[in-house]
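Asks: Next comes protein.csv, CSV, C-alpha atoms:
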```csv
chain,number,residue,atom,x,y,z
A,25,MET,CA,8.3,-5.4,-1.8
A,26,ILE,CA,10.5,-3.6,-4.4
A,27,PRO,CA,10.5,-5.5,-7.7
A,28,PRO,CA,13.7,-7.5,-8.4
A,29,GLU,CA,14.1,-5.5,-11.7
A,30,MET,CA,14.6,-2.4,-9.6
A,31,LEU,CA,16.9,-4.1,-7.1
A,32,ALA,CA,19.1,-5.3,-9.9
A,33,LEU,CA,20.0,-1.6,-10.7
A,34,VAL,CA,21.7,-1.1,-7.3
A,35,THR,CA,25.4,-0.8,-7.5
A,36,GLY,CA,26.2,-0.2,-3.9
A,37,THR,CA,25.7,-2.4,-0.8
A,38,LEU,CA,22.1,-3.7,-0.8
A,39,LYS,CA,20.3,-4.6,2.4
A,40,ILE,CA,16.7,-5.7,2.4
A,41,ALA,CA,14.5,-5.5,5.4
A,42,GLY,CA,12.3,-8.5,6.1
A,43,LYS,CA,9.0,-6.6,6.5
A,44,ARG,CA,6.6,-9.5,6.7
A,45,PRO,CA,3.4,-9.9,8.8
A,46,GLY,CA,4.4,-10.2,12.5
A,47,CYS,CA,7.9,-8.9,12.2
A,48,ALA,CA,7.4,-5.3,10.8
A,49,GLU,CA,8.6,-3.6,14.0
A,50,GLU,CA,11.8,-5.7,14.2
A,51,ALA,CA,12.5,-5.0,10.5
A,52,GLN,CA,12.0,-1.3,11.1
A,53,GLN,CA,14.6,-1.3,13.9
A,54,GLU,CA,16.9,-3.1,11.6
A,55,ILE,CA,16.5,-0.4,9.0
A,56,TYR,CA,17.4,2.3,11.7
A,57,ARG,CA,20.5,0.4,12.6
A,58,TRP,CA,21.6,0.1,9.0
A,59,VAL,CA,21.1,3.8,8.3
A,60,GLU,CA,23.0,4.7,11.5
A,61,GLU,CA,25.9,2.5,10.5
A,62,GLY,CA,26.1,4.1,7.0
A,63,VAL,CA,25.8,7.6,8.4
A,64,ARG,CA,28.5,6.9,11.0
A,65,GLU,CA,30.8,5.5,8.2
A,66,GLU,CA,30.1,8.7,6.2
A,67,LYS,CA,28.6,6.8,3.3
A,68,HIS,CA,25.8,7.8,1.0
A,69,VAL,CA,22.7,6.1,2.4
A,70,VAL,CA,19.5,5.6,0.3
A,71,ARG,CA,16.5,4.4,2.1
A,72,LEU,CA,14.3,3.1,-0.8
A,73,LYS,CA,10.7,2.7,-0.2
A,74,ILE,CA,8.0,1.8,-2.7
A,75,GLY,CA,5.4,4.4,-3.7
A,76,ASP,CA,4.8,7.4,-1.5
A,77,PRO,CA,6.6,7.0,1.8
A,78,PHE,CA,4.2,9.4,3.6
A,79,LEU,CA,1.0,7.4,2.7
A,80,PHE,CA,0.7,4.5,5.1
A,81,GLY,CA,4.4,4.2,5.1
A,82,ARG,CA,6.7,5.1,8.0
A,83,GLY,CA,8.3,8.0,6.1
A,84,GLY,CA,7.4,10.6,8.6
A,85,GLU,CA,8.5,8.4,11.5
A,86,GLU,CA,11.8,7.8,9.8
A,87,VAL,CA,12.5,11.5,9.2
A,88,LEU,CA,11.9,12.1,12.9
A,89,GLU,CA,14.1,9.2,13.9
A,90,TYR,CA,17.0,10.4,11.7
A,91,ARG,CA,16.7,13.9,13.0
A,92,GLU,CA,16.6,13.0,16.6
A,93,ALA,CA,18.9,10.0,16.7
A,94,LEU,CA,21.5,10.9,14.1
A,95,GLY,CA,21.1,14.7,13.7
A,96,VAL,CA,20.6,14.1,10.0
A,97,GLU,CA,18.0,15.9,7.8
A,98,PRO,CA,17.1,13.4,5.0
A,99,ARG,CA,16.6,14.5,1.5
A,100,LEU,CA,13.2,13.3,0.3
A,101,ILE,CA,12.5,12.3,-3.3
A,102,PRO,CA,8.8,11.8,-3.9
A,103,GLY,CA,7.3,8.6,-5.2
A,104,VAL,CA,3.9,7.8,-6.6
A,105,SER,CA,1.6,6.0,-4.4
A,106,SER,CA,0.3,2.6,-5.5
A,107,ALA,CA,-3.1,3.9,-4.5
A,108,PHE,CA,-3.0,5.8,-7.8
A,109,ALA,CA,-0.4,4.0,-9.9
A,110,ALA,CA,-1.9,0.5,-9.5
A,111,PRO,CA,-5.4,1.4,-10.7
A,112,LEU,CA,-3.9,3.4,-13.6
A,113,LEU,CA,-1.8,0.5,-14.7
A,114,ALA,CA,-4.9,-1.7,-14.6
A,115,THR,CA,-6.8,0.8,-16.7
A,116,ILE,CA,-9.1,1.8,-13.8
A,117,PRO,CA,-9.6,5.5,-13.4
A,118,VAL,CA,-10.1,6.3,-9.7
A,119,THR,CA,-12.4,9.2,-10.7
A,120,HIS,CA,-14.5,9.4,-13.8
A,121,ARG,CA,-17.1,12.0,-14.8
A,122,GLY,CA,-20.6,10.8,-13.9
A,123,VAL,CA,-19.3,7.7,-12.1
A,124,ALA,CA,-17.0,8.7,-9.2
A,125,ASN,CA,-16.3,12.2,-8.0
A,126,GLN,CA,-14.3,11.3,-4.9
A,127,VAL,CA,-11.7,8.8,-3.7
A,128,TYR,CA,-10.8,7.7,-0.3
A,129,ILE,CA,-7.7,5.7,0.6
A,130,CYS,CA,-7.6,3.4,3.5
A,131,THR,CA,-5.2,0.9,5.0
A,132,GLY,CA,-6.2,-2.7,5.7
A,133,PHE,CA,-4.3,-2.7,9.0
A,134,GLY,CA,-3.7,0.2,11.4
A,135,LYS,CA,-1.0,0.5,14.0
A,136,GLU,CA,-0.7,-2.6,16.1
A,137,GLY,CA,-3.3,-4.4,14.0
A,138,ASP,CA,-6.3,-2.1,14.8
A,139,ARG,CA,-9.0,-1.9,12.2
A,140,PRO,CA,-9.5,1.4,10.3
A,141,TYR,CA,-12.8,3.3,10.1
A,142,LEU,CA,-14.7,2.4,6.9
A,143,ALA,CA,-16.4,5.3,5.2
A,144,PRO,CA,-20.1,4.7,4.4
A,145,TYR,CA,-21.1,3.6,1.0
A,146,TYR,CA,-21.6,6.4,-1.5
A,147,ALA,CA,-22.4,5.4,-5.1
A,148,ASN,CA,-20.1,8.1,-6.6
A,149,GLN,CA,-17.1,7.2,-4.6
A,150,THR,CA,-14.0,5.0,-5.2
A,151,ALA,CA,-12.4,3.2,-2.2
A,152,VAL,CA,-8.8,2.2,-2.5
A,153,PHE,CA,-7.3,-0.1,0.1
A,154,LEU,CA,-3.6,-0.7,0.7
A,155,MET,CA,-2.2,-3.6,2.6
A,156,ALA,CA,-5.6,-5.2,2.8
A,157,VAL,CA,-5.3,-8.6,1.0
A,158,GLY,CA,-4.5,-10.3,4.2
A,159,ARG,CA,-7.9,-9.4,5.7
A,160,LEU,CA,-10.0,-9.3,2.5
A,161,GLY,CA,-12.7,-11.6,3.9
A,162,GLU,CA,-13.2,-9.5,7.1
A,163,LEU,CA,-13.0,-6.3,5.1
A,164,SER,CA,-15.6,-7.3,2.5
A,165,GLU,CA,-17.9,-8.4,5.3
A,166,GLN,CA,-17.6,-5.1,7.1
A,167,LEU,CA,-18.1,-3.1,3.9
A,168,VAL,CA,-21.4,-4.9,3.3
A,169,GLN,CA,-22.7,-5.2,6.9
A,170,THR,CA,-21.3,-2.0,8.5
A,171,ALA,CA,-20.6,0.5,5.7
A,172,GLY,CA,-23.7,-0.3,3.6
A,173,TYR,CA,-22.0,-1.4,0.4
A,174,PRO,CA,-24.2,-3.5,-1.9
A,175,SER,CA,-22.8,-7.0,-2.2
A,176,TRP,CA,-22.6,-6.5,-6.0
A,177,THR,CA,-20.3,-3.5,-5.9
A,178,PRO,CA,-17.4,-4.1,-8.3
A,179,VAL,CA,-14.0,-4.8,-6.9
A,180,ALA,CA,-10.6,-5.1,-8.6
A,181,ILE,CA,-7.4,-6.4,-7.0
A,182,VAL,CA,-4.3,-5.2,-8.8
A,183,GLU,CA,-1.5,-7.5,-7.8
A,184,GLN,CA,2.2,-6.7,-8.2
A,185,ALA,CA,1.5,-3.6,-10.2
A,186,SER,CA,4.1,-2.3,-12.6
A,187,THR,CA,6.0,-5.6,-12.7
A,188,PRO,CA,6.0,-8.3,-15.3
A,189,ARG,CA,3.9,-10.3,-12.9
A,190,GLN,CA,1.1,-7.8,-12.7
A,191,ARG,CA,-2.4,-9.3,-12.6
A,192,THR,CA,-5.9,-7.8,-12.1
A,193,VAL,CA,-8.5,-9.9,-10.5
A,194,VAL,CA,-12.1,-8.6,-10.7
A,195,GLY,CA,-15.2,-9.5,-8.8
A,196,ARG,CA,-17.8,-8.2,-6.4
A,197,VAL,CA,-17.6,-7.2,-2.8
A,198,GLY,CA,-19.8,-10.1,-1.6
A,199,THR,CA,-17.7,-12.8,-3.2
A,200,ILE,CA,-14.2,-11.3,-3.9
A,201,ALA,CA,-12.6,-12.9,-0.8
A,202,ALA,CA,-13.5,-16.4,-1.8
A,203,TYR,CA,-12.5,-15.8,-5.4
A,204,ALA,CA,-9.2,-14.2,-4.5
A,205,ALA,CA,-8.4,-17.2,-2.3
A,206,LYS,CA,-9.3,-19.5,-5.2
A,207,VAL,CA,-7.0,-17.8,-7.7
A,208,GLY,CA,-4.2,-17.3,-5.1
A,209,VAL,CA,-4.0,-13.5,-4.8
A,210,LYS,CA,-1.0,-12.4,-2.7
A,211,ALA,CA,0.5,-9.2,-1.5
A,212,PRO,CA,1.6,-6.7,-2.7
A,213,ALA,CA,-1.8,-5.8,-4.1
A,214,VAL,CA,-4.1,-2.8,-4.2
A,215,VAL,CA,-7.9,-3.2,-3.8
A,216,VAL,CA,-10.1,-0.8,-5.7
A,217,ILE,CA,-13.8,-0.8,-4.9
A,218,GLY,CA,-16.5,1.1,-6.9
A,219,GLU,CA,-18.2,1.5,-10.2
A,220,VAL,CA,-15.0,2.8,-11.8
A,221,VAL,CA,-13.7,-0.8,-11.9
A,222,ARG,CA,-16.0,-1.4,-14.9
A,223,VAL,CA,-15.9,2.0,-16.6
A,224,LEU,CA,-13.2,1.0,-19.2
```
Hey, can you dump this file as structure tokens for me?
Replies:
Amino acid sequence: MIPPEMLALVTGTLKIAGKRPGCAEEAQQEIYRWVEEGVREEKHVVRLKIGDPFLFGRGGEEVLEYREALGVEPRLIPGVSSAFAAPLLATIPVTHRGVANQVYICTGFGKEGDRPYLAPYYANQTAVFLMAVGRLGELSEQLVQTAGYPSWTPVAIVEQASTPRQRTVVGRVGTIAAYAAKVGVKAPAVVVIGEVVRVL
């Protein structure tokens, strides 16, 4: 999920994990093996993750693994979560005076595919969903039927934020899934829901 423009800057040995739906756990084990090989060979090892590794990433799990399995304390360099960077790059403020005074961030998929709790609708709230494009239809339906979102609530999908291929698709909760499918929205993408979508 790291843009090719960034990968082109790598001067050492580059290994890319195949974290795709259905094989994330296998890819994670592959990452652990690669890190162990590098540490055992006394190489400098950089585990590059996009965004904030502690926000719906496995950053915390990886720190524990490296401590316990390798006796290594990794040095962490902070990143900026796409939950904040993607809306900003799409000119969507996640908070705005008089429009949104709180933000909640949620994942589209939990551990082992479980569904996350959806906070009830609140007019002055922005909801940001990460890793949710694959279940946009189900998510939209749950937001309207279970969480009380009006079907006309504005939605923006920021696709491939910060790359030359960045695109923002805008719609409404009730129809966004069909529209996203029509225009071919694909991951990685961040879904922003709330009145802030149309502020600017």
Asks: Given the point (-4.9, -6.9, -16.3) in the coordinates of this file, which residues lie within 10 Å, counting all atoms listed in the file, and how would they look as a PyMOL selection string?
Replies: chain A and resi 113-116+180-183+185+190-194
Asks: Near Leu167 (chain A), counting only C-alpha atoms, which residues have an atom at most 10 Å away, once you skip same-chain residues fewer than 4 positions from it, shown as a list in words?
Replies: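 Once the adjacent positions are removed, what remains is Leu142, Ala143, Pro144, Tyr145, Glu162, Leu163, Ala171, Gly172, Tyr173, Pro174, Ser175, Val197 and Gly198 of chain A.
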Asks: Got a sec: who's within 7 Å of Thr131 (chain A), counting only C-alpha atoms, leaving out chain neighbours fewer than 6 positions off, as a ChimeraX atom specification?
Replies: /A:80,140,153-156
Asks: Between A:Leu33, A:Pro28, A:Lys67, A:Gly158, which one has atoms that come closest to Gly208 (chain A), using all atoms listed in the file?
Replies: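 Of all the options, A:Gly158 lies closest to Gly208 (chain A).
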Asks: Could you tell me which of A:Ile217, A:Val96, A:Ile101, A:Leu224 comes closest to Tyr128 (chain A) if we count all atoms listed in the file?
Replies: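 Closest candidate: A:Ile217.
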Asks: Report the distance between CA of Arg82 (chain A) and CA of Ala51 (chain A) in Å, rounded to one decimal place.
Replies: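 Separating CA of Arg82 (chain A) from CA of Ala51 (chain A) is a distance of 11.9 Å.
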Asks: Which one is closest to Leu112 (chain A): A:Ala147, A:Val220, A:Ala211, A:Ala201? Count all atoms listed in the file.
Replies: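 Counting all atoms listed in the file, the residue closest to Leu112 (chain A) is A:Val220.
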Asks: Could you rebuild region 31-63 of chain A with N, CA and C atoms and give me the result as a PDB file, in the frame of the given file?
Replies:
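Ended up saving to rebuild-v4.pdb:
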```pdb
ATOM      1  N   LEU A  31      15.798  -3.721  -7.964  1.00  0.00           N
ATOM      2  CA  LEU A  31      16.900  -4.100  -7.100  1.00  0.00           C
ATOM      3  C   LEU A  31      18.171  -4.406  -7.895  1.00  0.00           C
ATOM      4  N   ALA A  32      17.969  -4.934  -9.096  1.00  0.00           N
ATOM      5  CA  ALA A  32      19.100  -5.300  -9.900  1.00  0.00           C
ATOM      6  C   ALA A  32      19.899  -4.068 -10.393  1.00  0.00           C
ATOM      7  N   LEU A  33      19.317  -2.875 -10.285  1.00  0.00           N
ATOM      8  CA  LEU A  33      20.000  -1.600 -10.700  1.00  0.00           C
ATOM      9  C   LEU A  33      20.937  -1.110  -9.617  1.00  0.00           C
ATOM     10  N   VAL A  34      20.840  -1.647  -8.409  1.00  0.00           N
ATOM     11  CA  VAL A  34      21.700  -1.100  -7.300  1.00  0.00           C
ATOM     12  C   VAL A  34      23.121  -1.522  -7.520  1.00  0.00           C
ATOM     13  N   THR A  35      23.999  -0.517  -7.369  1.00  0.00           N
ATOM     14  CA  THR A  35      25.400  -0.800  -7.500  1.00  0.00           C
ATOM     15  C   THR A  35      26.194  -0.744  -6.214  1.00  0.00           C
ATOM     16  N   GLY A  36      25.578  -0.261  -5.164  1.00  0.00           N
ATOM     17  CA  GLY A  36      26.200  -0.200  -3.900  1.00  0.00           C
ATOM     18  C   GLY A  36      25.870  -1.446  -3.033  1.00  0.00           C
ATOM     19  N   THR A  37      26.110  -1.357  -1.731  1.00  0.00           N
ATOM     20  CA  THR A  37      25.700  -2.400  -0.800  1.00  0.00           C
ATOM     21  C   THR A  37      24.220  -2.436  -0.660  1.00  0.00           C
ATOM     22  N   LEU A  38      23.602  -3.564  -0.846  1.00  0.00           N
ATOM     23  CA  LEU A  38      22.100  -3.700  -0.800  1.00  0.00           C
ATOM     24  C   LEU A  38      21.744  -4.474   0.450  1.00  0.00           C
ATOM     25  N   LYS A  39      20.860  -3.896   1.253  1.00  0.00           N
ATOM     26  CA  LYS A  39      20.300  -4.600   2.400  1.00  0.00           C
ATOM     27  C   LYS A  39      18.804  -4.540   2.314  1.00  0.00           C
ATOM     28  N   ILE A  40      18.149  -5.669   2.511  1.00  0.00           N
ATOM     29  CA  ILE A  40      16.700  -5.700   2.400  1.00  0.00           C
ATOM     30  C   ILE A  40      16.074  -6.115   3.695  1.00  0.00           C
ATOM     31  N   ALA A  41      15.188  -5.256   4.152  1.00  0.00           N
ATOM     32  CA  ALA A  41      14.500  -5.500   5.400  1.00  0.00           C
ATOM     33  C   ALA A  41      13.431  -6.574   5.214  1.00  0.00           C
ATOM     34  N   GLY A  42      13.287  -7.431   6.181  1.00  0.00           N
ATOM     35  CA  GLY A  42      12.300  -8.500   6.100  1.00  0.00           C
ATOM     36  C   GLY A  42      10.962  -8.072   6.668  1.00  0.00           C
ATOM     37  N   LYS A  43      10.289  -7.124   5.992  1.00  0.00           N
ATOM     38  CA  LYS A  43       9.000  -6.600   6.500  1.00  0.00           C
ATOM     39  C   LYS A  43       7.882  -7.569   6.098  1.00  0.00           C
ATOM     40  N   ARG A  44       7.659  -8.555   6.936  1.00  0.00           N
ATOM     41  CA  ARG A  44       6.600  -9.500   6.700  1.00  0.00           C
ATOM     42  C   ARG A  44       5.638  -9.455   7.898  1.00  0.00           C
ATOM     43  N   PRO A  45       4.398  -9.933   7.704  1.00  0.00           N
ATOM     44  CA  PRO A  45       3.400  -9.900   8.800  1.00  0.00           C
ATOM     45  C   PRO A  45       4.028 -10.476  10.091  1.00  0.00           C
ATOM     46  N   GLY A  46       3.899  -9.722  11.166  1.00  0.00           N
ATOM     47  CA  GLY A  46       4.400 -10.200  12.500  1.00  0.00           C
ATOM     48  C   GLY A  46       5.776  -9.771  12.822  1.00  0.00           C
ATOM     49  N   CYS A  47       6.526  -9.252  11.848  1.00  0.00           N
ATOM     50  CA  CYS A  47       7.900  -8.900  12.200  1.00  0.00           C
ATOM     51  C   CYS A  47       8.232  -7.464  11.631  1.00  0.00           C
ATOM     52  N   ALA A  48       7.218  -6.654  11.367  1.00  0.00           N
ATOM     53  CA  ALA A  48       7.400  -5.300  10.800  1.00  0.00           C
ATOM     54  C   ALA A  48       8.231  -4.415  11.738  1.00  0.00           C
ATOM     55  N   GLU A  49       7.944  -4.475  13.030  1.00  0.00           N
ATOM     56  CA  GLU A  49       8.600  -3.600  14.000  1.00  0.00           C
ATOM     57  C   GLU A  49      10.119  -3.979  14.094  1.00  0.00           C
ATOM     58  N   GLU A  50      10.384  -5.263  14.127  1.00  0.00           N
ATOM     59  CA  GLU A  50      11.800  -5.700  14.200  1.00  0.00           C
ATOM     60  C   GLU A  50      12.534  -5.301  12.930  1.00  0.00           C
ATOM     61  N   ALA A  51      11.884  -5.416  11.779  1.00  0.00           N
ATOM     62  CA  ALA A  51      12.500  -5.000  10.500  1.00  0.00           C
ATOM     63  C   ALA A  51      12.761  -3.491  10.510  1.00  0.00           C
ATOM     64  N   GLN A  52      11.832  -2.725  11.087  1.00  0.00           N
ATOM     65  CA  GLN A  52      12.000  -1.300  11.100  1.00  0.00           C
ATOM     66  C   GLN A  52      13.232  -0.896  11.968  1.00  0.00           C
ATOM     67  N   GLN A  53      13.411  -1.554  13.088  1.00  0.00           N
ATOM     68  CA  GLN A  53      14.600  -1.300  13.900  1.00  0.00           C
ATOM     69  C   GLN A  53      15.876  -1.671  13.190  1.00  0.00           C
ATOM     70  N   GLU A  54      15.794  -2.720  12.398  1.00  0.00           N
ATOM     71  CA  GLU A  54      16.900  -3.100  11.600  1.00  0.00           C
ATOM     72  C   GLU A  54      17.306  -2.038  10.592  1.00  0.00           C
ATOM     73  N   ILE A  55      16.300  -1.454   9.975  1.00  0.00           N
ATOM     74  CA  ILE A  55      16.500  -0.400   9.000  1.00  0.00           C
ATOM     75  C   ILE A  55      17.212   0.810   9.729  1.00  0.00           C
ATOM     76  N   TYR A  56      16.737   1.180  10.901  1.00  0.00           N
ATOM     77  CA  TYR A  56      17.400   2.300  11.700  1.00  0.00           C
ATOM     78  C   TYR A  56      18.832   1.981  11.938  1.00  0.00           C
ATOM     79  N   ARG A  57      19.136   0.735  12.307  1.00  0.00           N
ATOM     80  CA  ARG A  57      20.500   0.400  12.600  1.00  0.00           C
ATOM     81  C   ARG A  57      21.394   0.483  11.334  1.00  0.00           C
ATOM     82  N   TRP A  58      20.872   0.000  10.207  1.00  0.00           N
ATOM     83  CA  TRP A  58      21.600   0.100   9.000  1.00  0.00           C
ATOM     84  C   TRP A  58      21.910   1.509   8.549  1.00  0.00           C
ATOM     85  N   VAL A  59      20.890   2.348   8.670  1.00  0.00           N
ATOM     86  CA  VAL A  59      21.100   3.800   8.300  1.00  0.00           C
ATOM     87  C   VAL A  59      22.099   4.400   9.217  1.00  0.00           C
ATOM     88  N   GLU A  60      21.998   4.119  10.514  1.00  0.00           N
ATOM     89  CA  GLU A  60      23.000   4.700  11.500  1.00  0.00           C
ATOM     90  C   GLU A  60      24.384   4.243  11.122  1.00  0.00           C
ATOM     91  N   GLU A  61      24.563   2.963  10.820  1.00  0.00           N
ATOM     92  CA  GLU A  61      25.900   2.500  10.500  1.00  0.00           C
ATOM     93  C   GLU A  61      26.443   3.204   9.237  1.00  0.00           C
ATOM     94  N   GLY A  62      25.625   3.376   8.220  1.00  0.00           N
ATOM     95  CA  GLY A  62      26.100   4.100   7.000  1.00  0.00           C
ATOM     96  C   GLY A  62      26.409   5.512   7.250  1.00  0.00           C
ATOM     97  N   VAL A  63      25.590   6.190   8.058  1.00  0.00           N
ATOM     98  CA  VAL A  63      25.800   7.600   8.400  1.00  0.00           C
ATOM     99  C   VAL A  63      27.137   7.737   9.165  1.00  0.00           C
TER     100      VAL A  63
END
```
